[in-house]
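*Asks:* What follows is entry35.pdb; its format and atoms are PDB, C-alpha atoms.
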```pdb
ATOM      1  CA  MET A   1      30.214  49.875 -18.893
ATOM      2  CA  LYS A   2      31.314  52.758 -16.778
ATOM      3  CA  THR A   3      32.395  52.507 -13.195
ATOM      4  CA  LEU A   4      29.689  50.952 -11.111
ATOM      5  CA  ALA A   5      30.833  52.683  -7.923
ATOM      6  CA  GLU A   6      27.862  55.033  -7.853
ATOM      7  CA  LEU A   7      25.572  52.064  -8.295
ATOM      8  CA  ASN A   8      27.158  50.496  -5.225
ATOM      9  CA  ALA A   9      26.252  53.613  -3.288
ATOM     10  CA  ILE A  10      22.657  53.453  -4.540
ATOM     11  CA  ARG A  11      22.476  49.802  -3.490
ATOM     12  CA  ASP A  12      23.692  50.525   0.018
ATOM     13  CA  GLN A  13      21.324  53.436   0.311
ATOM     14  CA  MET A  14      18.350  51.396  -0.941
ATOM     15  CA  LYS A  15      18.949  48.189   0.993
ATOM     16  CA  ASN A  16      17.489  49.441   4.241
ATOM     17  CA  ARG A  17      14.468  50.824   2.492
ATOM     18  CA  VAL A  18      13.462  47.799   0.491
ATOM     19  CA  ALA A  19      11.656  46.216   3.411
ATOM     20  CA  ALA A  20       9.676  49.370   4.131
ATOM     21  CA  ARG A  21       8.966  49.877   0.433
ATOM     22  CA  ARG A  22       7.280  46.504   0.050
ATOM     23  CA  GLU A  23       4.790  47.412   2.724
ATOM     24  CA  VAL A  24       3.458  50.331   0.686
ATOM     25  CA  GLU A  25       0.940  48.390  -1.325
ATOM     26  CA  ASP A  26      -1.806  50.930  -1.409
ATOM     27  CA  GLY A  27       0.324  53.476  -3.237
ATOM     28  CA  ILE A  28      -0.385  56.175  -5.782
ATOM     29  CA  ARG A  29      -0.276  54.822  -9.318
ATOM     30  CA  VAL A  30       0.965  56.814 -12.284
ATOM     31  CA  VAL A  31       0.539  54.981 -15.595
ATOM     32  CA  VAL A  32       1.988  56.356 -18.833
ATOM     33  CA  GLY A  33       0.977  55.065 -22.286
ATOM     34  CA  MET A  34       4.076  53.844 -24.108
ATOM     35  CA  ALA A  35       2.881  52.403 -27.409
ATOM     36  CA  THR A  36       3.907  53.777 -30.826
ATOM     37  CA  CYS A  37       1.317  56.551 -30.540
ATOM     38  CA  GLY A  38       2.511  57.618 -27.094
ATOM     39  CA  ILE A  39       6.216  57.453 -27.935
ATOM     40  CA  ALA A  40       5.750  59.434 -31.167
ATOM     41  CA  ALA A  41       3.766  62.084 -29.287
ATOM     42  CA  GLY A  42       6.500  62.506 -26.651
ATOM     43  CA  ALA A  43       5.569  60.125 -23.821
ATOM     44  CA  ARG A  44       9.174  59.169 -23.035
ATOM     45  CA  PRO A  45      10.179  62.466 -21.385
ATOM     46  CA  VAL A  46       6.785  62.558 -19.642
ATOM     47  CA  LEU A  47       7.331  59.118 -18.093
ATOM     48  CA  ASN A  48      10.824  60.028 -17.038
ATOM     49  CA  ALA A  49       9.733  63.313 -15.478
ATOM     50  CA  PHE A  50       7.358  61.283 -13.277
ATOM     51  CA  ALA A  51      10.132  58.773 -12.488
ATOM     52  CA  GLU A  52      12.435  61.612 -11.507
ATOM     53  CA  GLU A  53       9.846  63.175  -9.188
ATOM     54  CA  ALA A  54       9.027  59.753  -7.675
ATOM     55  CA  ALA A  55      12.730  59.205  -6.985
ATOM     56  CA  LYS A  56      12.850  62.517  -5.117
ATOM     57  CA  ILE A  57      10.041  61.438  -2.751
ATOM     58  CA  ASP A  58      11.910  58.185  -2.299
ATOM     59  CA  ASP A  59       9.523  56.333   0.003
ATOM     60  CA  GLY A  60       7.967  54.016  -2.577
ATOM     61  CA  SER A  61       4.542  55.600  -2.148
ATOM     62  CA  VAL A  62       4.333  56.519  -5.844
ATOM     63  CA  ILE A  63       4.509  53.744  -8.413
ATOM     64  CA  VAL A  64       5.265  54.872 -11.959
ATOM     65  CA  THR A  65       4.488  52.266 -14.605
ATOM     66  CA  GLN A  66       3.989  51.960 -18.345
ATOM     67  CA  THR A  67       1.147  50.605 -20.397
ATOM     68  CA  GLY A  68       0.377  50.068 -24.074
ATOM     69  CA  CYS A  69      -2.102  51.851 -26.305
ATOM     70  CA  ILE A  70      -5.424  52.499 -24.598
ATOM     71  CA  GLY A  71      -7.144  53.519 -27.817
ATOM     72  CA  ILE A  72      -7.134  57.314 -27.606
ATOM     73  CA  CYS A  73      -4.042  57.941 -29.739
ATOM     74  CA  GLN A  74      -5.141  61.476 -30.690
ATOM     75  CA  TYR A  75      -4.780  62.519 -27.036
ATOM     76  CA  GLU A  76      -1.282  61.106 -26.441
ATOM     77  CA  PRO A  77       0.818  61.402 -24.350
ATOM     78  CA  VAL A  78      -1.815  60.041 -21.957
ATOM     79  CA  VAL A  79      -1.209  59.613 -18.223
ATOM     80  CA  GLU A  80      -3.582  57.963 -15.765
ATOM     81  CA  ILE A  81      -3.262  58.764 -12.084
ATOM     82  CA  THR A  82      -5.017  56.838  -9.343
ATOM     83  CA  LEU A  83      -4.893  57.917  -5.726
ATOM     84  CA  PRO A  84      -5.850  55.264  -3.156
ATOM     85  CA  GLY A  85      -9.619  55.006  -2.845
ATOM     86  CA  GLN A  86     -10.276  57.539  -5.614
ATOM     87  CA  GLU A  87     -11.406  57.476  -9.234
ATOM     88  CA  LYS A  88      -8.747  57.353 -11.929
ATOM     89  CA  VAL A  89      -7.911  60.726 -13.510
ATOM     90  CA  THR A  90      -6.833  60.748 -17.176
ATOM     91  CA  TYR A  91      -4.480  63.484 -18.319
ATOM     92  CA  VAL A  92      -4.004  64.092 -22.033
ATOM     93  CA  LYS A  93      -1.488  65.807 -24.342
ATOM     94  CA  MET A  94       1.061  65.777 -21.556
ATOM     95  CA  THR A  95       4.553  67.284 -21.561
ATOM     96  CA  ALA A  96       7.428  66.916 -19.094
ATOM     97  CA  GLU A  97       6.600  70.386 -17.735
ATOM     98  CA  LYS A  98       2.930  69.526 -17.191
ATOM     99  CA  ALA A  99       4.042  66.245 -15.602
ATOM    100  CA  LYS A 100       6.048  68.095 -12.951
ATOM    101  CA  GLU A 101       3.088  70.359 -12.247
ATOM    102  CA  VAL A 102       0.681  67.411 -12.015
ATOM    103  CA  PHE A 103       3.090  65.608  -9.705
ATOM    104  CA  GLU A 104       3.253  68.605  -7.401
ATOM    105  CA  LYS A 105      -0.458  69.447  -7.290
ATOM    106  CA  HIS A 106      -2.170  66.089  -7.797
ATOM    107  CA  VAL A 107       0.207  63.324  -6.681
ATOM    108  CA  LYS A 108       1.636  65.250  -3.735
ATOM    109  CA  GLY A 109      -1.161  67.757  -3.116
ATOM    110  CA  GLY A 110      -4.155  65.529  -3.854
ATOM    111  CA  THR A 111      -5.904  68.003  -6.168
ATOM    112  CA  PRO A 112      -6.173  67.104  -9.870
ATOM    113  CA  ILE A 113      -5.449  69.793 -12.474
ATOM    114  CA  ALA A 114      -8.779  69.819 -14.300
ATOM    115  CA  GLU A 115      -7.609  71.745 -17.370
ATOM    116  CA  TYR A 116      -5.131  69.023 -18.391
ATOM    117  CA  THR A 117      -7.642  66.177 -18.121
ATOM    118  CA  ILE A 118      -9.450  64.436 -20.945
ATOM    119  CA  GLY A 119     -12.728  65.940 -19.730
ATOM    120  CA  ALA A 120     -11.436  69.472 -20.334
ATOM    121  CA  GLU A 121      -9.892  68.516 -23.688
ATOM    122  CA  LYS A 122     -13.136  67.064 -25.051
ATOM    123  CA  LYS A 123     -15.191  70.186 -24.277
TER     124      LYS A 123
ATOM    125  CA  MET B   1       9.125  60.033 -34.726
ATOM    126  CA  GLU B   2      11.537  62.877 -34.093
ATOM    127  CA  GLU B   3      14.488  60.812 -32.890
ATOM    128  CA  LEU B   4      15.671  57.332 -33.887
ATOM    129  CA  SER B   5      15.966  56.490 -30.193
ATOM    130  CA  GLN B   6      12.149  56.758 -30.066
ATOM    131  CA  ASN B   7      11.952  54.153 -32.843
ATOM    132  CA  ILE B   8      14.387  51.951 -30.920
ATOM    133  CA  LEU B   9      12.203  52.157 -27.815
ATOM    134  CA  ASP B  10       9.090  51.460 -29.850
ATOM    135  CA  ILE B  11      10.553  48.405 -31.628
ATOM    136  CA  ALA B  12      12.079  47.056 -28.405
ATOM    137  CA  MET B  13       8.661  47.384 -26.729
ATOM    138  CA  ASN B  14       7.462  44.700 -29.158
ATOM    139  CA  SER B  15      10.157  42.418 -27.728
ATOM    140  CA  VAL B  16       8.970  43.313 -24.219
ATOM    141  CA  ALA B  17       5.341  42.620 -25.150
ATOM    142  CA  VAL B  18       6.172  39.062 -26.245
ATOM    143  CA  LYS B  19       8.157  38.524 -23.017
ATOM    144  CA  SER B  20      11.614  38.035 -24.520
ATOM    145  CA  GLY B  21      14.242  37.034 -21.965
ATOM    146  CA  ASN B  22      16.949  38.950 -23.795
ATOM    147  CA  ILE B  23      16.930  42.121 -25.842
ATOM    148  CA  ASP B  24      20.117  43.268 -27.568
ATOM    149  CA  ILE B  25      20.404  46.638 -29.238
ATOM    150  CA  PHE B  26      23.252  47.589 -31.554
ATOM    151  CA  LEU B  27      24.038  50.958 -33.081
ATOM    152  CA  THR B  28      26.987  50.878 -35.436
ATOM    153  CA  GLU B  29      28.133  54.102 -36.961
ATOM    154  CA  ASP B  30      30.747  54.515 -39.669
ATOM    155  CA  THR B  31      31.472  58.203 -40.107
ATOM    156  CA  ALA B  32      33.661  57.687 -43.211
ATOM    157  CA  LEU B  33      30.865  55.840 -44.987
ATOM    158  CA  SER B  34      28.147  58.048 -43.440
ATOM    159  CA  THR B  35      26.129  55.040 -42.321
ATOM    160  CA  LEU B  36      24.384  54.062 -39.130
ATOM    161  CA  GLU B  37      23.058  50.564 -38.655
ATOM    162  CA  ILE B  38      20.525  49.997 -35.904
ATOM    163  CA  SER B  39      19.626  46.471 -34.937
ATOM    164  CA  ILE B  40      17.184  45.318 -32.247
ATOM    165  CA  ARG B  41      17.272  41.596 -31.526
ATOM    166  CA  ASP B  42      15.380  39.416 -29.103
ATOM    167  CA  ASN B  43      15.087  35.751 -28.193
ATOM    168  CA  GLY B  44      11.303  35.917 -27.963
ATOM    169  CA  PRO B  45       8.813  33.588 -29.638
ATOM    170  CA  GLY B  46       9.575  34.870 -33.153
ATOM    171  CA  MET B  47       7.145  35.112 -36.031
ATOM    172  CA  SER B  48       6.058  32.837 -38.824
ATOM    173  CA  GLU B  49       7.003  33.748 -42.413
ATOM    174  CA  GLU B  50       3.410  34.707 -42.957
ATOM    175  CA  THR B  51       3.432  37.175 -40.048
ATOM    176  CA  VAL B  52       6.827  38.585 -41.075
ATOM    177  CA  ALA B  53       5.348  39.392 -44.475
ATOM    178  CA  LYS B  54       2.494  41.277 -42.817
ATOM    179  CA  VAL B  55       4.179  43.394 -40.137
ATOM    180  CA  THR B  56       5.552  46.036 -42.489
ATOM    181  CA  ASP B  57       1.958  46.701 -43.536
ATOM    182  CA  PRO B  58       0.598  49.585 -41.412
ATOM    183  CA  PHE B  59      -2.828  47.970 -41.428
ATOM    184  CA  TYR B  60      -1.569  44.894 -39.648
ATOM    185  CA  THR B  61      -1.282  44.683 -35.869
ATOM    186  CA  SER B  62      -1.515  41.903 -33.327
ATOM    187  CA  ARG B  63      -3.177  44.147 -30.800
ATOM    188  CA  LYS B  64      -6.891  44.539 -30.170
ATOM    189  CA  THR B  65      -7.159  48.166 -29.051
ATOM    190  CA  ARG B  66      -6.709  49.664 -32.509
ATOM    191  CA  LYS B  67      -6.507  48.563 -36.095
ATOM    192  CA  VAL B  68      -3.142  49.904 -37.180
ATOM    193  CA  GLY B  69       0.423  48.999 -36.206
ATOM    194  CA  LEU B  70       2.846  51.704 -37.170
ATOM    195  CA  GLY B  71       6.012  50.817 -35.249
ATOM    196  CA  ILE B  72       7.744  48.676 -37.881
ATOM    197  CA  PRO B  73       6.423  50.686 -40.882
ATOM    198  CA  PHE B  74       7.718  53.951 -39.335
ATOM    199  CA  PHE B  75      11.172  52.506 -38.734
ATOM    200  CA  LYS B  76      11.376  51.055 -42.244
ATOM    201  CA  MET B  77      10.172  54.289 -43.821
ATOM    202  CA  GLN B  78      12.650  56.374 -41.870
ATOM    203  CA  ALA B  79      15.557  54.206 -43.045
ATOM    204  CA  GLU B  80      14.426  54.117 -46.645
ATOM    205  CA  MET B  81      13.852  57.878 -46.686
ATOM    206  CA  THR B  82      17.583  58.350 -46.165
ATOM    207  CA  GLY B  83      18.489  55.951 -48.966
ATOM    208  CA  GLY B  84      19.121  53.186 -46.453
ATOM    209  CA  SER B  85      17.610  49.751 -46.066
ATOM    210  CA  PHE B  86      15.505  47.650 -43.731
ATOM    211  CA  ARG B  87      15.282  43.975 -42.935
ATOM    212  CA  LEU B  88      13.371  41.788 -40.557
ATOM    213  CA  ASP B  89      14.576  38.312 -39.686
ATOM    214  CA  SER B  90      12.476  36.116 -37.497
ATOM    215  CA  GLU B  91      12.102  32.490 -36.722
ATOM    216  CA  LEU B  92       9.458  30.803 -34.607
ATOM    217  CA  GLY B  93      10.981  29.701 -31.310
ATOM    218  CA  ARG B  94      14.240  31.580 -31.949
ATOM    219  CA  GLY B  95      13.503  35.277 -31.887
ATOM    220  CA  THR B  96      13.400  38.343 -34.053
ATOM    221  CA  ALA B  97      15.959  40.807 -35.426
ATOM    222  CA  VAL B  98      14.899  44.164 -36.811
ATOM    223  CA  THR B  99      17.710  45.929 -38.659
ATOM    224  CA  ALA B 100      17.769  49.255 -40.449
ATOM    225  CA  VAL B 101      20.624  51.066 -42.151
ATOM    226  CA  PHE B 102      20.519  54.846 -42.366
ATOM    227  CA  ARG B 103      22.540  57.233 -44.507
ATOM    228  CA  THR B 104      23.610  59.841 -41.981
ATOM    229  CA  ASP B 105      24.523  62.418 -44.650
ATOM    230  CA  HIS B 106      21.008  62.455 -46.075
ATOM    231  CA  LEU B 107      18.786  65.469 -45.464
ATOM    232  CA  ASP B 108      16.010  63.237 -44.138
ATOM    233  CA  PHE B 109      18.209  61.530 -41.547
ATOM    234  CA  ILE B 110      16.811  62.239 -38.105
ATOM    235  CA  PRO B 111      19.201  62.173 -35.132
ATOM    236  CA  VAL B 112      19.536  59.280 -32.683
ATOM    237  CA  GLY B 113      18.516  61.696 -29.928
ATOM    238  CA  ASN B 114      18.143  60.760 -26.299
ATOM    239  CA  LEU B 115      19.302  57.136 -26.261
ATOM    240  CA  PRO B 116      19.936  57.136 -22.474
ATOM    241  CA  GLU B 117      16.293  58.031 -21.877
ATOM    242  CA  THR B 118      15.247  55.196 -24.187
ATOM    243  CA  MET B 119      17.372  52.703 -22.225
ATOM    244  CA  MET B 120      16.011  54.012 -18.924
ATOM    245  CA  THR B 121      12.447  53.639 -20.182
ATOM    246  CA  LEU B 122      13.065  50.199 -21.615
ATOM    247  CA  VAL B 123      14.616  48.874 -18.401
ATOM    248  CA  GLY B 124      11.668  50.376 -16.502
ATOM    249  CA  ALA B 125       9.259  48.506 -18.783
ATOM    250  CA  ALA B 126      11.064  45.186 -18.449
ATOM    251  CA  PRO B 127      13.121  45.121 -15.239
ATOM    252  CA  ASP B 128      13.523  41.336 -15.334
ATOM    253  CA  THR B 129      14.716  41.167 -18.946
ATOM    254  CA  GLU B 130      18.421  41.061 -19.748
ATOM    255  CA  ILE B 131      19.044  44.049 -21.977
ATOM    256  CA  THR B 132      22.276  45.041 -23.684
ATOM    257  CA  MET B 133      23.105  48.045 -25.819
ATOM    258  CA  THR B 134      26.257  48.541 -27.820
ATOM    259  CA  TYR B 135      26.956  51.836 -29.536
ATOM    260  CA  SER B 136      30.038  51.719 -31.700
ATOM    261  CA  ARG B 137      31.406  54.544 -33.751
ATOM    262  CA  ASP B 138      34.427  53.914 -35.974
ATOM    263  CA  GLY B 139      35.537  51.037 -33.749
ATOM    264  CA  LYS B 140      35.165  52.800 -30.394
ATOM    265  CA  GLU B 141      32.248  51.659 -28.275
ATOM    266  CA  VAL B 142      30.018  52.254 -25.302
ATOM    267  CA  THR B 143      28.305  49.212 -23.857
ATOM    268  CA  PHE B 144      25.413  48.709 -21.496
ATOM    269  CA  ASP B 145      24.409  45.443 -19.861
ATOM    270  CA  THR B 146      21.678  44.862 -17.282
ATOM    271  CA  LYS B 147      23.532  41.740 -16.082
ATOM    272  CA  GLU B 148      26.338  43.945 -14.761
ATOM    273  CA  ILE B 149      23.853  46.200 -12.984
ATOM    274  CA  ARG B 150      22.015  43.225 -11.504
ATOM    275  CA  ALA B 151      25.323  41.799 -10.249
ATOM    276  CA  VAL B 152      25.954  44.984  -8.267
ATOM    277  CA  LEU B 153      22.406  45.474  -6.992
ATOM    278  CA  GLY B 154      21.758  41.909  -5.921
ATOM    279  CA  GLU B 155      18.327  40.302  -5.756
ATOM    280  CA  ASP B 156      16.583  42.703  -3.422
ATOM    281  CA  ILE B 157      16.723  45.854  -5.493
ATOM    282  CA  PRO B 158      14.738  45.707  -8.720
ATOM    283  CA  LEU B 159      16.094  47.461 -11.803
ATOM    284  CA  ASP B 160      12.972  49.604 -12.098
ATOM    285  CA  THR B 161      13.753  51.386  -8.825
ATOM    286  CA  PRO B 162      13.546  55.086  -9.832
ATOM    287  CA  GLN B 163      17.039  55.847  -8.474
ATOM    288  CA  VAL B 164      18.513  53.011 -10.536
ATOM    289  CA  LEU B 165      16.726  54.185 -13.698
ATOM    290  CA  ILE B 166      18.061  57.689 -13.203
ATOM    291  CA  TRP B 167      21.565  56.317 -12.694
ATOM    292  CA  ILE B 168      21.232  54.384 -15.973
ATOM    293  CA  ARG B 169      20.211  57.529 -17.820
ATOM    294  CA  ASP B 170      22.877  59.742 -16.308
ATOM    295  CA  SER B 171      25.796  57.331 -16.625
ATOM    296  CA  LEU B 172      24.919  56.519 -20.244
ATOM    297  CA  THR B 173      24.585  60.213 -21.060
ATOM    298  CA  GLU B 174      28.070  60.803 -19.706
ATOM    299  CA  GLU B 175      29.600  57.857 -21.534
ATOM    300  CA  LEU B 176      27.957  58.566 -24.873
ATOM    301  CA  SER B 177      29.009  62.190 -24.796
ATOM    302  CA  ALA B 178      32.614  61.033 -24.358
ATOM    303  CA  LEU B 179      32.442  58.633 -27.328
TER     304      LEU B 179
END
```
With the file now loaded, output its structure as C-alpha cells.

*Replies:*
Amino acid sequence: MKTLAELNAIRDQMKNRVAARREVEDGIRVVVGMATCGIAAGARPVLNAFAEEAAKIDDGSVIVTQTGCIGICQYEPVVEITLPGQEKVTYVKMTAEKAKEVFEKHVKGGTPIAEYTIGAEKK
Amino acid sequence: MEELSQNILDIAMNSVAVKSGNIDIFLTEDTALSTLEISIRDNGPGMSEETVAKVTDPFYTSRKTRKVGLGIPFFKMQAEMTGGSFRLDSELGRGTAVTAVFRTDHLDFIPVGNLPETMMTLVGAAPDTEITMTYSRDGKEVTFDTKEIRAVLGEDIPLDTPQVLIWIRDSLTEELSAL
C-alpha cells in the first residue's frame, strides 16, 4: 500500500472530533440501496456522492449508510432520507448529480425535491 | 453491469451479508495471454453442496424481498460471454471463493472500471471486516489492506468515516493509474 502519511494527517484531524461526533445521535440519515439491482442501476456513484458531501460538512450530523434490496428494483438507484422528527422521503432513479442537488436542498436546506421522489415517479 | 468492479462489489456484498470476518479480492491480469482472473474469497459460513448447485440459477435467492438473485448469474454470464470460465468453491464453516476468468481481447469484455470506488463502498458497508485487494498485472501489483489502515487510525476512528473512505478511493486511484 501507498504511503500512509496522509492517513496519519486524517487521524490527527479526526481525533478531536470523535468525541463530539458520538454525541450527534439524532442525525440526518441517508440510506442508499446497494443490492444487485441498485449496483447495476448505478447506486455506487450515488452513494459516494453523498459520502463526499457528508465529508465536506464534517460534523457527523449526516450519516450515510447502505442497505440491501427494498423490493422496488425498477426504481433503482433508490435513496431514503430521514430528517430528525420527519417522515422518510424516498428518492428514485438517482444519479450522482441529483444526489448533490438533493444534498444541498434537502439534507442541508430541509426542503425535499418533490420531482425526484417515488411519489412523482409513480404519477 | 457496465463495469466488472460493479460485479466485484455485488459479489463481495454477499460476503458482507453473511458477516465474513475476512474478504480477499484478487485481480490477476496477464496481458500476453489476454486474461483477467477475478477472485472474491471470504471466510464466512460457506454453503452446502446443494446450495452451491443452486446459486447460479437466477431464480434462486436466499433473500425474502424478491424472488430472483442475479449477482452470481450475472458474473458467470459476463465471464462466459468473453470465452472465459467461472467457478464457485464453498465449504460449510470454511468460506466461499467465487472465481471468474475473462478474455480481455474479446469484444464482450467489459472494463474493470472504477475499482477504487468499489473498495470505498465495500469498506463503508463493512467497516469492521478485514478486507484486502490485490491487483496484479504481469507480475507488478497494487495491494490494499484494511489492517494497515486500522493500524494507523487506531481504535477511535472507524473505517467508514467519510474522510477515510475518500482517502481510500483517492489513494487507490493514484496507485492503480501508476500500475

*Asks:* How would you write, as a PyMOL selection string, the residues chosen by the PyMOL selection byres ((chain B) within 7 of (chain A)) on this structure?

*Replies:* chain B and resi 1+6+10+65-66+70-71+125+142-144+152-153+162-163

*Asks:* For CA of Ile28 (chain A) and CA of Val92 (chain A), determine how far apart the two atoms are, in Å to one decimal place.

*Replies:*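 Computed distance, CA of Ile28 (chain A) to CA of Val92 (chain A), equals 18.4 Å.
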
*Asks:* Ranking B:Arg94, B:Arg169, B:Arg87, B:Lys19 by minimum distance to Ser48 (chain B) and counting all atoms listed in the file, which one comes first?

*Replies:*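 Closest candidate: B:Arg94.
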
*Asks:* Gly21 (chain B): which residues within 9 Å, counting all atoms listed in the file, same-chain residues fewer than 3 positions away excluded, as a list in words?

*Replies:*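 Answer for this query is Ser15, Val16, Asp42, Asn43, Gly44, Asp128, Thr129, Glu130 and Ile131 of chain B.
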
*Asks:* What's around Tyr116 (chain A) at 9 Å? Count all atoms listed in the file, leave out sequence neighbours fewer than 3 positions away in its own chain, and write the answer as a PyMOL selection string.

*Replies:* chain A and resi 90-94+98+102+112-113+119-121

*Asks:* Rounded to one decimal, what separation in Å do you get between CA of Lys147 (chain B) and CA of Val164 (chain B)?

*Replies:*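 Between CA of Lys147 (chain B) and CA of Val164 (chain B) the gap is 13.5 Å.
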
*Asks:* Once you add 6 Å to each side, what are the centre and edge lengths of the axis-aligned box holding all listed atoms of region 32-44 of chain A? One decimal in Å, as AutoDock Vina command-line options, if you can.

*Replies:*
```
--center_x 5.1 --center_y 57.5 --center_z -25.0 --size_x 20.2 --size_y 22.1 --size_z 24.3
```

*Asks:* Can you spell out as a list in words the set of residues that the PyMOL selection byres ((chain B and resi 111) around 8) selects in the structure I just provided?

*Replies:*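 When the PyMOL selection byres ((chain B and resi 111) around 8) is applied, the selected residues are Glu2, Glu3, Leu4, Phe109, Ile110, Val112 and Gly113 of chain B.
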
*Asks:* Mind writing the picked residues with C-alpha atoms as a PDB file, in the frame of the given file?

*Replies:*
```pdb
ATOM      1  CA  GLU B   2      11.537  62.877 -34.093  1.00  0.00           C
ATOM      2  CA  GLU B   3      14.488  60.812 -32.890  1.00  0.00           C
ATOM      3  CA  LEU B   4      15.671  57.332 -33.887  1.00  0.00           C
ATOM      4  CA  PHE B 109      18.209  61.530 -41.547  1.00  0.00           C
ATOM      5  CA  ILE B 110      16.811  62.239 -38.105  1.00  0.00           C
ATOM      6  CA  VAL B 112      19.536  59.280 -32.683  1.00  0.00           C
ATOM      7  CA  GLY B 113      18.516  61.696 -29.928  1.00  0.00           C
TER       8      GLY B 113
END
```

*Asks:* What separation in Å, quoted to one decimal, exists between CA of Val78 (chain A) and CA of Val31 (chain A)?

*Replies:* 8.5 Å

*Asks:* Run the PyMOL selection byres ((chain B and resi 83) around 12) mentally over the shown coordinates, then write out the matched residues as a PyMOL selection string, using the chain letters and numbers from the document.

*Replies:* chain B and resi 34-36+76-82+84-86+100-109

*Asks:* Next, the residues of the selection above should be written as a PDB file, in the coordinates of the input with C-alpha atoms.

*Replies:*
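Result went into part31.pdb, see below:
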```pdb
ATOM      1  CA  SER B  34      28.147  58.048 -43.440  1.00  0.00           C
ATOM      2  CA  THR B  35      26.129  55.040 -42.321  1.00  0.00           C
ATOM      3  CA  LEU B  36      24.384  54.062 -39.130  1.00  0.00           C
ATOM      4  CA  LYS B  76      11.376  51.055 -42.244  1.00  0.00           C
ATOM      5  CA  MET B  77      10.172  54.289 -43.821  1.00  0.00           C
ATOM      6  CA  GLN B  78      12.650  56.374 -41.870  1.00  0.00           C
ATOM      7  CA  ALA B  79      15.557  54.206 -43.045  1.00  0.00           C
ATOM      8  CA  GLU B  80      14.426  54.117 -46.645  1.00  0.00           C
ATOM      9  CA  MET B  81      13.852  57.878 -46.686  1.00  0.00           C
ATOM     10  CA  THR B  82      17.583  58.350 -46.165  1.00  0.00           C
ATOM     11  CA  GLY B  84      19.121  53.186 -46.453  1.00  0.00           C
ATOM     12  CA  SER B  85      17.610  49.751 -46.066  1.00  0.00           C
ATOM     13  CA  PHE B  86      15.505  47.650 -43.731  1.00  0.00           C
ATOM     14  CA  ALA B 100      17.769  49.255 -40.449  1.00  0.00           C
ATOM     15  CA  VAL B 101      20.624  51.066 -42.151  1.00  0.00           C
ATOM     16  CA  PHE B 102      20.519  54.846 -42.366  1.00  0.00           C
ATOM     17  CA  ARG B 103      22.540  57.233 -44.507  1.00  0.00           C
ATOM     18  CA  THR B 104      23.610  59.841 -41.981  1.00  0.00           C
ATOM     19  CA  ASP B 105      24.523  62.418 -44.650  1.00  0.00           C
ATOM     20  CA  HIS B 106      21.008  62.455 -46.075  1.00  0.00           C
ATOM     21  CA  LEU B 107      18.786  65.469 -45.464  1.00  0.00           C
ATOM     22  CA  ASP B 108      16.010  63.237 -44.138  1.00  0.00           C
ATOM     23  CA  PHE B 109      18.209  61.530 -41.547  1.00  0.00           C
TER      24      PHE B 109
END
```

*Asks:* Measuring atom to atom with all atoms listed in the file, identify which of B:Thr132, B:Gly69, B:Thr96, B:Pro58 is nearest to Phe26 (chain B).

*Replies:*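 Looking only at the distances to Phe26 (chain B), the closest residue turns out to be B:Thr132.
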